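Visitor: Once you've had a glance at the structure underneath, I'll fire off some questions.
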Amino acid sequence: MGTVNVLNQGPVVVLELNRPESLNAMNVEMLEELERVLEEISYNDAKVLVVKGSGNAFSAGGDIKMMLQENVGGDFDQVMDTIGSIITKLYTMPKITISALHGAAAGLGLSFALASDFVVAHNSTKLAMNFIKIGLIPDGGGHFFMEKRLGEAKAKQMIWEGKTISAEEALQLGLVDSLAADQMEEEISQRVTALTQAPLQAMLETKAILTKLSLPRLEQILDLEKNAQRRMRQSQDHKEGIRAFVEKRKPQFSGK
């Protein structure tokens, strides 16, 4: 079993993040596999893509062990380029895409989820754009998607606070599109059925038009995030944030 499972179901393809023991935290191996799998999926005949997480969470974000390494388990630029490629592939996917969230959707995991056309969250889902807690900025197009869904002022404030919010709060803010109770599978299944009976070609034309308009901005933001994140990884605050996380204490930030 790899770090990503793909299940082809005729008109629907399901992509499942598969590191349940780490709450589907994204390490270098998963990122590389995601890039390859999304490329393959973009060429298959399915019309709908559902993205979900295995085990108890959608994704807790970037793997902290990866962040502890000076070279993040590979060349930093290469890792950031892979993240950029994944987000771009999901955002421009020539299918209707649905992120099905449960458990935690945090950091890079949340950026990844927001690249879909529809974001459905289980009532008990906790969402957090929590990079600030370790002295970093959102990556994976986090700035792009947060601004798109919340507007500039709210996006900034939520990124700066880095607080965890409930699925209900996320729905009210417009960060997710709908909530599901315990019949999550049924909710997704009904949505998929409705989509497969819709005039999908027309829907995908609309998606292509809006995506083409927004793609240059997403690519610019991914590039800005990469350069800013490189600077942040060298900061004293980031190093303190990581130390505090590992030592399970409150970080003492200095603004440096």
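Each chain of the structure tokens is named A, B, ... in the order shown, its residues numbered from 1; ligands are numbered from 1 in display order.
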Residues of range 178-255 of chain A in helix (DSSP H, G or I) according to DSSP, as a count of residues only?

Guide: 58

Visitor: I'd like the neighbourhood of range 106-117 of chain A as a VMD selection string, where a residue qualifies if any of its atoms comes within 9 Å (using only C-alpha atoms), though same-chain residues fewer than 3 positions away should be ignored.

Guide: chain A and resid 24 to 26 50 to 52 58 to 62 83 86 to 88 90 to 93 96 to 101 126 to 131 138 to 143 145 to 146 164 175 to 176 207

Visitor: Mind writing the picked residues with C-alpha atoms as a PDB file, in the first residue's frame?

Guide:
ATOM      1  CA  ASN A  24      -2.283  11.710   6.844  1.00  0.00           C
ATOM      2  CA  ALA A  25       0.471  14.265   7.427  1.00  0.00           C
ATOM      3  CA  MET A  26       2.168  14.982   4.100  1.00  0.00           C
ATOM      4  CA  VAL A  50     -13.500  12.759  -4.553  1.00  0.00           C
ATOM      5  CA  VAL A  51     -10.538  13.459  -2.245  1.00  0.00           C
ATOM      6  CA  LYS A  52     -10.623  12.051   1.302  1.00  0.00           C
ATOM      7  CA  PHE A  58      -8.397  14.258   6.362  1.00  0.00           C
ATOM      8  CA  SER A  59      -4.856  15.593   6.837  1.00  0.00           C
ATOM      9  CA  ALA A  60      -3.008  17.224   9.730  1.00  0.00           C
ATOM     10  CA  GLY A  61      -0.826  19.124   7.201  1.00  0.00           C
ATOM     11  CA  GLY A  62       2.898  18.962   6.473  1.00  0.00           C
ATOM     12  CA  ILE A  83       3.507  21.160  -3.493  1.00  0.00           C
ATOM     13  CA  ILE A  86      -0.049  19.184  -6.682  1.00  0.00           C
ATOM     14  CA  ILE A  87      -2.188  22.224  -5.901  1.00  0.00           C
ATOM     15  CA  THR A  88      -2.188  23.392  -9.518  1.00  0.00           C
ATOM     16  CA  LEU A  90      -6.040  19.623  -8.340  1.00  0.00           C
ATOM     17  CA  TYR A  91      -7.249  23.194  -8.947  1.00  0.00           C
ATOM     18  CA  THR A  92      -7.213  22.801 -12.742  1.00  0.00           C
ATOM     19  CA  MET A  93      -8.394  19.150 -12.777  1.00  0.00           C
ATOM     20  CA  ILE A  96     -15.668  18.233 -10.806  1.00  0.00           C
ATOM     21  CA  THR A  97     -13.705  17.811  -7.578  1.00  0.00           C
ATOM     22  CA  ILE A  98     -14.988  17.294  -4.039  1.00  0.00           C
ATOM     23  CA  SER A  99     -12.931  17.332  -0.836  1.00  0.00           C
ATOM     24  CA  ALA A 100     -14.611  15.242   1.878  1.00  0.00           C
ATOM     25  CA  LEU A 101     -13.244  16.368   5.257  1.00  0.00           C
ATOM     26  CA  LYS A 126     -11.745  20.809  12.970  1.00  0.00           C
ATOM     27  CA  LEU A 127     -10.078  23.177  10.497  1.00  0.00           C
ATOM     28  CA  ALA A 128      -6.968  25.278  11.055  1.00  0.00           C
ATOM     29  CA  MET A 129      -4.653  27.384   8.899  1.00  0.00           C
ATOM     30  CA  ASN A 130      -2.135  26.993  11.710  1.00  0.00           C
ATOM     31  CA  PHE A 131       1.277  27.684  10.132  1.00  0.00           C
ATOM     32  CA  PRO A 138       0.528  29.226   4.648  1.00  0.00           C
ATOM     33  CA  ASP A 139       1.785  27.407   1.566  1.00  0.00           C
ATOM     34  CA  GLY A 140       0.074  25.186  -0.974  1.00  0.00           C
ATOM     35  CA  GLY A 141      -1.766  28.273  -2.251  1.00  0.00           C
ATOM     36  CA  GLY A 142      -3.261  28.867   1.215  1.00  0.00           C
ATOM     37  CA  HIS A 143      -3.208  32.656   0.690  1.00  0.00           C
ATOM     38  CA  PHE A 145      -7.788  30.026  -1.429  1.00  0.00           C
ATOM     39  CA  MET A 146      -8.328  31.863   1.869  1.00  0.00           C
ATOM     40  CA  THR A 164      -8.773  25.969  15.107  1.00  0.00           C
ATOM     41  CA  LEU A 175     -14.586  28.167   4.043  1.00  0.00           C
ATOM     42  CA  VAL A 176     -16.561  24.950   3.443  1.00  0.00           C
ATOM     43  CA  LYS A 207     -14.704  25.634 -14.546  1.00  0.00           C
TER      44      LYS A 207
END

Visitor: So that I can see what lies close to Leu204 in chain A, please list as an NGL selection string the residues with an atom at most 10 Å from it, counting only C-alpha atoms and leaving out residues fewer than 2 positions away in the same chain.

Guide: :A and (47 or 93-96 or 199-202 or 206-210)

Visitor: For Phe76 in chain A, which residue among A:Arg233, A:Lys248, A:Lys148, A:Lys256 is the nearest when counting only C-alpha atoms?

Guide: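 Under the stated criterion, the closest residue is A:Arg233.
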
Visitor: If you run DSSP on this backbone, which residues of range 94-236 of chain A come out as strand (DSSP E or B), and could you give them as a list in words?

Guide: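 Result set for range 94-236 of chain A (strand (DSSP E or B)): Ile96, Thr97, Ile98, Ser99, Ala100, Leu101, Ala104, Ala105, Ala106, Phe118, Val119, Val120, Ala121, His122, Lys126, Leu127, Ala128, Thr164, Ile165, Ser166, Ser178, Leu179 and Ala180 of chain A.
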
Visitor: Hey, which of A:Ile165, A:Ile132, A:Met66, A:Leu213 ends up closest to Phe253 in chain A? Count only C-alpha atoms.

Guide: A:Ile132

Visitor: Skip Glu219 in chain A itself and residues of its chain fewer than 2 positions away, then list as a PyMOL selection string all residues within 10 Å of it, counting only C-alpha atoms.

Guide: chain A and resi 84-85+87-88+141+144+214-217+221-225

Visitor: Each residue of range 142-199 of chain A with at least one atom at most 7 Å from range 120-125 of chain A should appear once, together with its nearest atom pair and the corresponding distance in Å (one decimal); atoms considered: only C-alpha atoms; ordering: chain, then increasing residue number; output as a tab-separated table.

Guide:
residue	atom	partner	partner_atom	distance
A:Ser166	CA	A:Thr125	CA	6.3
A:Ala167	CA	A:Thr125	CA	5.3
A:Glu168	CA	A:Asn123	CA	6.9
A:Val176	CA	A:Val120	CA	6.1
A:Asp177	CA	A:Val120	CA	5.9
A:Ser178	CA	A:Val120	CA	5.0
A:Leu179	CA	A:Ala121	CA	5.0
A:Ala180	CA	A:His122	CA	4.7
A:Ala181	CA	A:Asn123	CA	5.4
A:Met184	CA	A:His122	CA	6.5

Visitor: So that I can see what lies close to range 5-10 of chain A, please list as a list in words the residues with an atom at most 9 Å from it, counting only C-alpha atoms and leaving out residues fewer than 2 positions away in the same chain.

Guide: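 The contact residues come out as Met1, Gly2, Thr3, Val12, Val13, Val14, Leu15, Glu16, Leu17, Asn18, Val37, Ile41, Asp45, Ala46 and Lys47 of chain A.
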
Visitor: Have a look at CA of Ala198 in chain A and CA of Asp182 in chain A and let me know their distance in Å, one decimal.

Guide: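 Those two atoms sit 26.0 Å apart.
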